[in-house]
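> Structure: input.cif, mmCIF, C-alpha atoms.
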```
data_data
#
loop_
_atom_site.label_atom_id
_atom_site.label_comp_id
_atom_site.auth_asym_id
_atom_site.auth_seq_id
_atom_site.Cartn_x
_atom_site.Cartn_y
_atom_site.Cartn_z
CA MET Y 26 -30.88 17.91 -36.58
CA ILE Y 27 -27.74 15.97 -35.59
CA ASN Y 28 -25.48 15.13 -38.53
CA ASP Y 29 -24.05 11.67 -39.14
CA THR Y 30 -20.60 11.08 -37.71
CA PRO Y 31 -17.83 11.94 -40.23
CA LYS Y 32 -16.11 8.87 -41.61
CA GLU Y 33 -12.64 10.23 -40.80
CA LEU Y 34 -13.22 9.83 -37.05
CA ASN Y 35 -11.39 6.91 -35.45
CA PRO Y 36 -13.44 4.48 -33.30
CA ASP Y 37 -12.59 6.25 -30.02
CA GLN Y 38 -13.60 9.62 -31.45
CA GLU Y 39 -16.79 8.22 -32.94
CA ILE Y 40 -17.82 6.56 -29.68
CA GLY Y 41 -17.09 9.79 -27.83
CA ARG Y 42 -19.24 11.75 -30.23
CA LEU Y 43 -22.06 9.21 -30.01
CA ILE Y 44 -21.99 9.40 -26.21
CA ASP Y 45 -22.23 13.19 -26.38
CA GLU Y 46 -25.13 12.96 -28.80
CA VAL Y 47 -27.20 10.45 -26.82
CA MET Y 48 -26.92 12.71 -23.78
CA SER Y 49 -28.88 15.33 -25.68
CA SER Y 50 -32.44 15.68 -24.41
CA SER Y 51 -33.54 16.77 -27.90
CA LEU Y 52 -33.20 13.27 -29.36
CA THR Y 53 -36.30 11.34 -30.18
CA ASP Y 54 -36.57 7.72 -29.03
CA GLU Y 55 -35.82 6.57 -32.56
CA GLN Y 56 -32.74 8.80 -32.86
CA TYR Y 57 -31.50 7.50 -29.51
CA ARG Y 58 -31.97 3.89 -30.63
CA LYS Y 59 -30.07 4.51 -33.88
CA LYS Y 60 -27.17 6.20 -32.07
CA MET Y 61 -26.88 3.36 -29.58
CA GLN Y 62 -27.07 0.80 -32.37
CA ARG Y 63 -24.23 2.57 -34.16
CA ARG Y 64 -22.19 2.61 -30.96
CA LYS Y 65 -22.76 -1.14 -30.59
CA GLU Y 66 -21.57 -1.72 -34.17
CA VAL Y 67 -18.40 0.33 -33.66
CA GLN Y 68 -17.59 -1.45 -30.38
CA GLU Y 69 -18.18 -4.91 -31.83
CA LYS Y 70 -15.94 -4.09 -34.80
CA ARG Y 71 -13.17 -2.97 -32.45
CA ILE Y 72 -13.44 -6.17 -30.43
CA ALA Y 73 -13.41 -8.34 -33.57
CA GLU Y 74 -10.22 -6.65 -34.77
CA ALA Y 75 -8.46 -6.73 -31.40
CA VAL Y 76 -5.43 -8.89 -30.64
CA PRO Y 77 -6.74 -11.92 -28.70
CA GLU Y 78 -4.00 -12.05 -26.08
CA LYS Y 79 -0.84 -10.21 -25.02
CA GLY Y 80 1.20 -10.11 -21.85
CA LEU Y 81 0.93 -6.56 -20.49
CA ILE Y 82 3.23 -4.23 -18.62
CA ILE Y 83 0.89 -2.32 -16.29
CA VAL Y 84 1.81 0.78 -14.30
CA ASN Y 85 -0.30 2.18 -11.43
CA THR Y 86 1.12 5.54 -10.37
CA GLY Y 87 0.12 9.01 -9.19
CA ASN Y 88 -0.34 10.68 -5.80
CA GLY Y 89 -3.81 9.29 -5.21
CA LYS Y 90 -4.68 6.30 -3.06
CA GLY Y 91 -5.45 2.87 -4.52
CA LYS Y 92 -2.46 1.89 -6.66
CA THR Y 93 -1.66 -1.33 -4.81
CA THR Y 94 -5.32 -2.01 -4.12
CA ALA Y 95 -6.14 -1.93 -7.84
CA ALA Y 96 -3.21 -4.25 -8.55
CA LEU Y 97 -4.41 -6.70 -5.90
CA GLY Y 98 -7.76 -6.82 -7.65
CA MET Y 99 -5.96 -8.15 -10.73
CA VAL Y 100 -4.12 -10.62 -8.51
CA LEU Y 101 -7.46 -11.89 -7.22
CA ARG Y 102 -8.81 -12.27 -10.75
CA SER Y 103 -5.73 -14.23 -11.81
CA LEU Y 104 -6.06 -16.54 -8.82
CA GLY Y 105 -9.70 -17.08 -9.72
CA HIS Y 106 -8.59 -18.28 -13.17
CA GLY Y 107 -6.19 -20.72 -11.56
CA TYR Y 108 -3.05 -18.80 -12.57
CA LYS Y 109 0.13 -18.64 -10.53
CA VAL Y 110 1.02 -15.22 -9.16
CA ALA Y 111 4.07 -13.67 -7.50
CA ILE Y 112 4.05 -10.51 -5.36
CA ILE Y 113 7.26 -8.73 -4.41
CA GLN Y 114 6.98 -5.71 -2.09
CA PHE Y 115 9.86 -3.26 -2.45
CA ILE Y 116 9.16 -0.73 0.31
CA LYS Y 117 6.53 -2.16 2.62
CA GLY Y 118 7.58 -5.12 4.68
CA SER Y 119 8.21 -4.08 8.26
CA TRP Y 120 4.55 -4.80 9.04
CA GLU Y 121 2.44 -7.78 8.06
CA PRO Y 122 -0.25 -6.68 5.57
CA SER Y 123 -3.66 -8.31 5.83
CA GLU Y 124 -3.48 -9.14 2.13
CA LYS Y 125 -0.66 -11.57 2.82
CA ARG Y 126 -2.82 -13.44 5.32
CA VAL Y 127 -5.76 -13.57 2.92
CA PHE Y 128 -3.66 -14.81 0.01
CA SER Y 129 -2.30 -17.63 2.16
CA TYR Y 130 -5.53 -19.47 1.27
CA TRP Y 131 -4.09 -19.77 -2.27
CA GLU Y 132 -0.65 -20.85 -1.12
CA ASP Y 133 -0.39 -23.37 -3.98
CA GLN Y 134 -0.84 -20.55 -6.52
CA ILE Y 135 0.85 -17.52 -4.99
CA GLU Y 136 4.33 -16.52 -3.86
CA PHE Y 137 4.50 -13.45 -1.59
CA HIS Y 138 7.81 -11.74 -0.71
CA ALA Y 139 7.78 -8.62 1.49
CA MET Y 140 11.40 -7.55 1.00
CA GLY Y 141 11.38 -3.96 2.17
CA GLU Y 142 11.85 -2.78 5.74
CA GLY Y 143 9.24 -0.07 5.81
CA PHE Y 144 8.95 3.46 4.54
CA THR Y 145 12.17 5.23 3.58
CA TRP Y 146 11.79 7.90 6.27
CA GLU Y 147 11.72 5.15 8.89
CA THR Y 148 14.71 3.09 7.74
CA GLN Y 149 17.00 6.16 7.50
CA ASP Y 150 19.77 4.01 6.02
CA ARG Y 151 20.28 4.59 2.30
CA ASP Y 152 22.88 1.85 1.84
CA ARG Y 153 20.59 -0.70 3.45
CA ASP Y 154 17.65 0.53 1.35
CA LEU Y 155 19.79 0.11 -1.79
CA ASP Y 156 20.72 -3.43 -0.79
CA LYS Y 157 17.10 -4.33 -0.05
CA ALA Y 158 15.88 -2.88 -3.36
CA SER Y 159 18.58 -4.77 -5.25
CA ALA Y 160 17.67 -8.04 -3.52
CA ALA Y 161 13.97 -7.47 -4.25
CA TRP Y 162 14.76 -6.83 -7.93
CA GLU Y 163 16.81 -10.02 -8.20
CA LYS Y 164 13.90 -11.96 -6.69
CA SER Y 165 11.54 -10.21 -9.12
CA LEU Y 166 13.64 -11.30 -12.09
CA GLU Y 167 13.27 -14.93 -11.06
CA TYR Y 168 9.49 -14.67 -11.39
CA ILE Y 169 9.53 -12.39 -14.45
CA ARG Y 170 11.56 -15.01 -16.33
CA ASN Y 171 9.62 -17.99 -14.97
CA PRO Y 172 6.96 -19.06 -17.52
CA ASP Y 173 4.92 -20.83 -14.82
CA PHE Y 174 3.79 -17.49 -13.35
CA GLN Y 175 1.11 -15.63 -15.31
CA LEU Y 176 1.19 -12.43 -13.21
CA VAL Y 177 3.96 -10.68 -11.27
CA LEU Y 178 3.21 -7.69 -9.04
CA LEU Y 179 6.16 -5.43 -8.20
CA ASP Y 180 4.61 -3.40 -5.40
CA GLU Y 181 6.09 0.08 -4.76
CA ILE Y 182 8.93 -0.51 -7.23
CA ASN Y 183 8.22 2.95 -8.67
CA ILE Y 184 9.29 4.42 -5.32
CA ALA Y 185 12.57 2.52 -5.55
CA LEU Y 186 13.06 3.91 -9.07
CA LYS Y 187 12.16 7.44 -7.98
CA MET Y 188 14.64 7.25 -5.08
CA SER Y 189 17.34 5.94 -7.47
CA TYR Y 190 17.60 2.68 -5.56
CA LEU Y 191 17.32 0.92 -8.93
CA PRO Y 192 18.33 2.12 -12.42
CA VAL Y 193 15.29 2.36 -14.68
CA GLU Y 194 17.36 0.97 -17.57
CA GLU Y 195 17.98 -2.20 -15.57
CA VAL Y 196 14.29 -2.64 -14.83
CA LEU Y 197 13.34 -2.09 -18.49
CA ALA Y 198 15.93 -4.65 -19.56
CA GLY Y 199 14.48 -7.11 -17.06
CA LEU Y 200 10.93 -6.56 -18.27
CA ALA Y 201 12.11 -7.34 -21.80
CA GLN Y 202 12.96 -10.85 -20.60
CA LYS Y 203 9.42 -11.79 -19.65
CA PRO Y 204 7.57 -14.46 -21.65
CA ALA Y 205 5.20 -12.99 -24.22
CA ASN Y 206 2.01 -13.90 -22.34
CA LYS Y 207 3.11 -12.77 -18.85
CA HIS Y 208 1.61 -9.71 -17.15
CA VAL Y 209 3.74 -7.51 -14.86
CA ILE Y 210 2.27 -4.77 -12.66
CA LEU Y 211 4.48 -1.99 -11.26
CA THR Y 212 2.98 0.24 -8.57
CA GLY Y 213 4.00 3.37 -6.71
CA ARG Y 214 3.96 7.10 -7.19
CA GLY Y 215 6.50 8.85 -9.39
CA ALA Y 216 6.82 6.26 -12.15
CA PRO Y 217 9.63 7.41 -14.47
CA ALA Y 218 8.80 8.59 -17.98
CA ALA Y 219 10.78 5.77 -19.61
CA LEU Y 220 8.69 3.16 -17.79
CA ILE Y 221 5.44 4.91 -18.68
CA GLU Y 222 6.55 4.98 -22.32
CA ARG Y 223 7.26 1.25 -22.29
CA ALA Y 224 4.06 0.22 -20.48
CA ASP Y 225 0.93 -1.07 -22.21
CA LEU Y 226 -1.49 0.18 -19.56
CA VAL Y 227 -0.87 3.20 -17.33
CA THR Y 228 -3.27 4.49 -14.69
CA GLU Y 229 -2.57 7.65 -12.70
CA MET Y 230 -4.42 7.92 -9.40
CA THR Y 231 -5.28 11.57 -8.73
CA LEU Y 232 -5.46 12.80 -5.14
CA VAL Y 233 -8.58 14.89 -4.55
CA LYS Y 234 -9.18 14.37 -0.82
CA HIS Y 235 -7.41 12.19 1.73
CA PRO Y 236 -8.56 11.56 5.33
CA PHE Y 237 -5.04 11.80 6.80
CA ARG Y 238 -4.08 14.98 4.95
CA ASP Y 239 -7.45 16.71 5.27
CA GLN Y 240 -8.78 15.41 8.61
CA GLY Y 241 -5.79 13.89 10.40
CA VAL Y 242 -7.32 10.38 10.36
CA LYS Y 243 -4.73 7.63 10.90
CA ALA Y 244 -4.40 4.55 8.67
CA GLN Y 245 -7.21 2.12 9.44
CA PRO Y 246 -7.54 -1.67 9.14
CA GLY Y 247 -9.49 -2.71 6.07
CA ILE Y 248 -8.77 0.61 4.33
CA GLU Y 249 -5.00 1.17 4.37
CA TYR Y 250 -3.83 -2.24 5.57
#
```
Now that the file is in, can you turn its structure into structure tokens?

Amino acid sequence: MINDTPKELNPDQEIGRLIDEVMSSSLTDEQYRKKMQRRKEVQEKRIAEAVPEKGLIIVNTGNGKGKTTAALGMVLRSLGHGYKVAIIQFIKGSWEPSEKRVFSYWEDQIEFHAMGEGFTWETQDRDRDLDKASAAWEKSLEYIRNPDFQLVLLDEINIALKMSYLPVEEVLAGLAQKPANKHVILTGRGAPAALIERADLVTEMTLVKHPFRDQGVKAQPGIEY
């Protein structure tokens, strides 16, 4: 017999316990229905008590693939709602990404600035990389402060922070200047702890398998670019 969930559990814990319980093959149909009804009640209560709107600082980091791709999904959603979006690329830029061509169809809603000169091992000029990162950050601040833009994507800025091209304190101070309802996404591996602490939503992409590392497959159109 499965006991009722203790009242001291918070909503996340209670939902987790309910999920574990409904996975049990020993439940009768009626027990399953009651557990799912309770889960529905807990979820609806959480939604009713939630803050209706808040501009988020979102960090996509980790060694796994998909950090920029996930961010571009949010860009697409924002465009679908009619919002204005700005994308600033900090590292990529020496090649024309297909995303830039696609987003040109929303040229009245989106600003796209590829301000890097390629991967750091290709530029091989630290002073120039520092100058490019600084220029990209100044451009980013224009959009972060601009209330007309609902979403700002700072692509690969975490790499610039990891390489000490930008001081994390300066970036945090800039993020503090955003309007309350603006969302800012920061992508790239190696996000610093201070940024993770400040963020509202952090996702770490975990590398399990990669075709280049494991099979020697080069970057392919439609997948990497």
> Distance CA of Ala224 (chain Y)-CA of Pro36 (chain Y), one decimal place?
22.1 Å
> Rank Y:Asn88, Y:Lys125, Y:Gly199, Y:Ile135 by their smallest atom-to-atom distance to Leu166 (chain Y), using only C-alpha atoms, and report the top residue only.
Y:Gly199
> Got a sec: who's within 8 Å of Leu226 (chain Y), counting only C-alpha atoms, leaving out chain neighbours fewer than 5 positions off, as a PDB file with C-alpha atoms, in the coordinates of the input?

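Full text of around-v2.pdb as output:
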```pdb
ATOM      1  CA  LEU Y  81       0.930  -6.560 -20.490  1.00  0.00           C
ATOM      2  CA  ILE Y  82       3.230  -4.230 -18.620  1.00  0.00           C
ATOM      3  CA  ILE Y  83       0.890  -2.320 -16.290  1.00  0.00           C
ATOM      4  CA  VAL Y  84       1.810   0.780 -14.300  1.00  0.00           C
TER       5      VAL Y  84
END
```
> Give me the residues near Ile221 (chain Y) as a PyMOL selection string, where near means some atom within 12 Å (using all atoms listed in the file) and where sequence neighbours in that chain fewer than 3 positions away do not count.
chain Y and resi 82-87+183+193+197+210-212+214-218+224-229
> Write a file of the selected residues as a PDB file, in the frame of the given file, keeping C-alpha atoms.

```
ATOM      1  CA  ILE Y  82       3.230  -4.230 -18.620  1.00  0.00           C
ATOM      2  CA  ILE Y  83       0.890  -2.320 -16.290  1.00  0.00           C
ATOM      3  CA  VAL Y  84       1.810   0.780 -14.300  1.00  0.00           C
ATOM      4  CA  ASN Y  85      -0.300   2.180 -11.430  1.00  0.00           C
ATOM      5  CA  THR Y  86       1.120   5.540 -10.370  1.00  0.00           C
ATOM      6  CA  GLY Y  87       0.120   9.010  -9.190  1.00  0.00           C
ATOM      7  CA  ASN Y 183       8.220   2.950  -8.670  1.00  0.00           C
ATOM      8  CA  VAL Y 193      15.290   2.360 -14.680  1.00  0.00           C
ATOM      9  CA  LEU Y 197      13.340  -2.090 -18.490  1.00  0.00           C
ATOM     10  CA  ILE Y 210       2.270  -4.770 -12.660  1.00  0.00           C
ATOM     11  CA  LEU Y 211       4.480  -1.990 -11.260  1.00  0.00           C
ATOM     12  CA  THR Y 212       2.980   0.240  -8.570  1.00  0.00           C
ATOM     13  CA  ARG Y 214       3.960   7.100  -7.190  1.00  0.00           C
ATOM     14  CA  GLY Y 215       6.500   8.850  -9.390  1.00  0.00           C
ATOM     15  CA  ALA Y 216       6.820   6.260 -12.150  1.00  0.00           C
ATOM     16  CA  PRO Y 217       9.630   7.410 -14.470  1.00  0.00           C
ATOM     17  CA  ALA Y 218       8.800   8.590 -17.980  1.00  0.00           C
ATOM     18  CA  ALA Y 224       4.060   0.220 -20.480  1.00  0.00           C
ATOM     19  CA  ASP Y 225       0.930  -1.070 -22.210  1.00  0.00           C
ATOM     20  CA  LEU Y 226      -1.490   0.180 -19.560  1.00  0.00           C
ATOM     21  CA  VAL Y 227      -0.870   3.200 -17.330  1.00  0.00           C
ATOM     22  CA  THR Y 228      -3.270   4.490 -14.690  1.00  0.00           C
ATOM     23  CA  GLU Y 229      -2.570   7.650 -12.700  1.00  0.00           C
TER      24      GLU Y 229
END
```
> Where does the PyMOL selection byres ((chain Y and resi 177) around 9) land in this file, that is, which residues does it pick, as a list in words?
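So the PyMOL selection byres ((chain Y and resi 177) around 9) ends up selecting Val100, Lys109, Val110, Ala111, Ile112, Ile113, Ser165, Tyr168, Ile169, Phe174, Gln175, Leu176, Leu178, Leu179, Lys207, His208, Val209, Ile210 and Leu211 of chain Y.
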> Around the point (-20.4, 5.7, -33.0) in the file's coordinates, collect all residues with an atom within 10 Å, using only C-alpha atoms, and return them as JSON, numbers by chain.
{"Y": [29, 30, 31, 34, 35, 36, 37, 38, 39, 40, 41, 42, 43, 44, 46, 59, 60, 61, 62, 63, 64, 65, 66, 67, 68]}
> What separation in Å, quoted to one decimal, exists between CA of Tyr108 (chain Y) and CA of Lys164 (chain Y)?
19.2 Å
> For the atom pair CA of Pro246 (chain Y) and CA of Arg126 (chain Y), what is the interatomic distance in Å to one decimal place?
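If I compute the distance from CA of Pro246 (chain Y) to CA of Arg126 (chain Y), I get 13.2 Å.
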> Select, from Y:Glu124, Y:Ala73, Y:Phe115, Y:Tyr130, the residue with the minimum atom-to-atom distance to Met188 (chain Y), counting all atoms listed in the file.
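Closest residue, counting all atoms listed in the file: Y:Phe115.
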> Please provide the set of residues having any atom within 12 Å of Gly247 (chain Y), restricted to all atoms listed in the file, with same-chain residues fewer than 6 positions apart removed, written as a PDB file with C-alpha atoms, in the coordinates of the input.

```
ATOM      1  CA  THR Y  94      -5.320  -2.010  -4.120  1.00  0.00           C
ATOM      2  CA  PRO Y 122      -0.250  -6.680   5.570  1.00  0.00           C
ATOM      3  CA  SER Y 123      -3.660  -8.310   5.830  1.00  0.00           C
ATOM      4  CA  GLU Y 124      -3.480  -9.140   2.130  1.00  0.00           C
ATOM      5  CA  VAL Y 127      -5.760 -13.570   2.920  1.00  0.00           C
TER       6      VAL Y 127
END
```
> Given the choices Y:Asp150, Y:Asp173, Y:Glu163, Y:Glu249, which gets closest to Pro204 (chain Y) if the distance is worked out from all atoms listed in the file?
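Ranking Y:Asp150, Y:Asp173, Y:Glu163, Y:Glu249 by distance to Pro204 (chain Y), first place goes to Y:Asp173.
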> Please identify all polymer residues lying at most 7 Å from the point (-3.9, 7.6, -3.8) (file coordinates), using all atoms listed in the file, and present the result as JSON, numbers by chain.
{"Y": [87, 88, 89, 90, 91, 92, 230, 231, 232]}
> Hey, can you spit out that residue selection with C-alpha atoms as a compact mmCIF listing (two decimals), in the coordinates of the input?

```
# COMPACT_ATOMS: atom_id res chain seq x y z
CA GLY Y 87 0.12 9.01 -9.19
CA ASN Y 88 -0.34 10.68 -5.80
CA GLY Y 89 -3.81 9.29 -5.21
CA LYS Y 90 -4.68 6.30 -3.06
CA GLY Y 91 -5.45 2.87 -4.52
CA LYS Y 92 -2.46 1.89 -6.66
CA MET Y 230 -4.42 7.92 -9.40
CA THR Y 231 -5.28 11.57 -8.73
CA LEU Y 232 -5.46 12.80 -5.14
```
> Return the single residue from Y:Leu104, Y:Leu220, Y:Ile72, Y:Ala96 that is closest to Ser129 (chain Y), with distances computed using only C-alpha atoms.
Y:Leu104
> With 5 Å of padding per side, what axis-aligned box (centre and edge lengths, Å, one decimal) covers all the listed atoms of region 53-63 of chain Y? Give it as AutoDock Vina command-line options.

```
--center_x -30.4 --center_y 6.1 --center_z -31.6 --size_x 22.3 --size_y 20.5 --size_z 15.1
```
> Between Y:Leu97, Y:Leu52, Y:Val196, Y:Val242, which is the closest to Phe137 (chain Y) once you count all atoms listed in the file?
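When distances to Phe137 (chain Y) are compared using all atoms listed in the file, the smallest one comes from Y:Leu97.
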> Since the input has fewer atoms than a full residue there, write region 200-212 of chain Y out with N, CA and C atoms, as a compact mmCIF listing (two decimals), in the coordinates of the input.

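So result-v1.txt came out as:
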```
# COMPACT_ATOMS: atom_id res chain seq x y z
N LEU Y 200 12.29 -6.37 -17.75
CA LEU Y 200 10.93 -6.56 -18.27
C LEU Y 200 10.95 -7.14 -19.68
N ALA Y 201 11.99 -6.81 -20.44
CA ALA Y 201 12.11 -7.34 -21.80
C ALA Y 201 12.35 -8.84 -21.83
N GLN Y 202 12.69 -9.41 -20.67
CA GLN Y 202 12.96 -10.85 -20.60
C GLN Y 202 11.73 -11.67 -20.26
N LYS Y 203 10.61 -11.04 -20.04
CA LYS Y 203 9.42 -11.79 -19.65
C LYS Y 203 8.87 -12.58 -20.84
N PRO Y 204 8.27 -13.74 -20.58
CA PRO Y 204 7.57 -14.46 -21.65
C PRO Y 204 6.47 -13.59 -22.25
N ALA Y 205 6.13 -13.86 -23.49
CA ALA Y 205 5.20 -12.99 -24.22
C ALA Y 205 3.83 -12.87 -23.58
N ASN Y 206 3.37 -13.92 -22.89
CA ASN Y 206 2.01 -13.90 -22.34
C ASN Y 206 1.96 -13.51 -20.86
N LYS Y 207 3.08 -13.11 -20.28
CA LYS Y 207 3.11 -12.77 -18.85
C LYS Y 207 2.74 -11.31 -18.62
N HIS Y 208 1.96 -11.06 -17.55
CA HIS Y 208 1.61 -9.71 -17.15
C HIS Y 208 2.48 -9.30 -15.96
N VAL Y 209 2.97 -8.06 -15.98
CA VAL Y 209 3.74 -7.51 -14.86
C VAL Y 209 3.14 -6.17 -14.47
N ILE Y 210 2.83 -6.02 -13.18
CA ILE Y 210 2.27 -4.77 -12.66
C ILE Y 210 3.32 -4.08 -11.81
N LEU Y 211 3.53 -2.79 -12.03
CA LEU Y 211 4.48 -1.99 -11.26
C LEU Y 211 3.72 -0.85 -10.61
N THR Y 212 3.74 -0.78 -9.27
CA THR Y 212 2.98 0.24 -8.57
C THR Y 212 3.89 1.24 -7.87
```
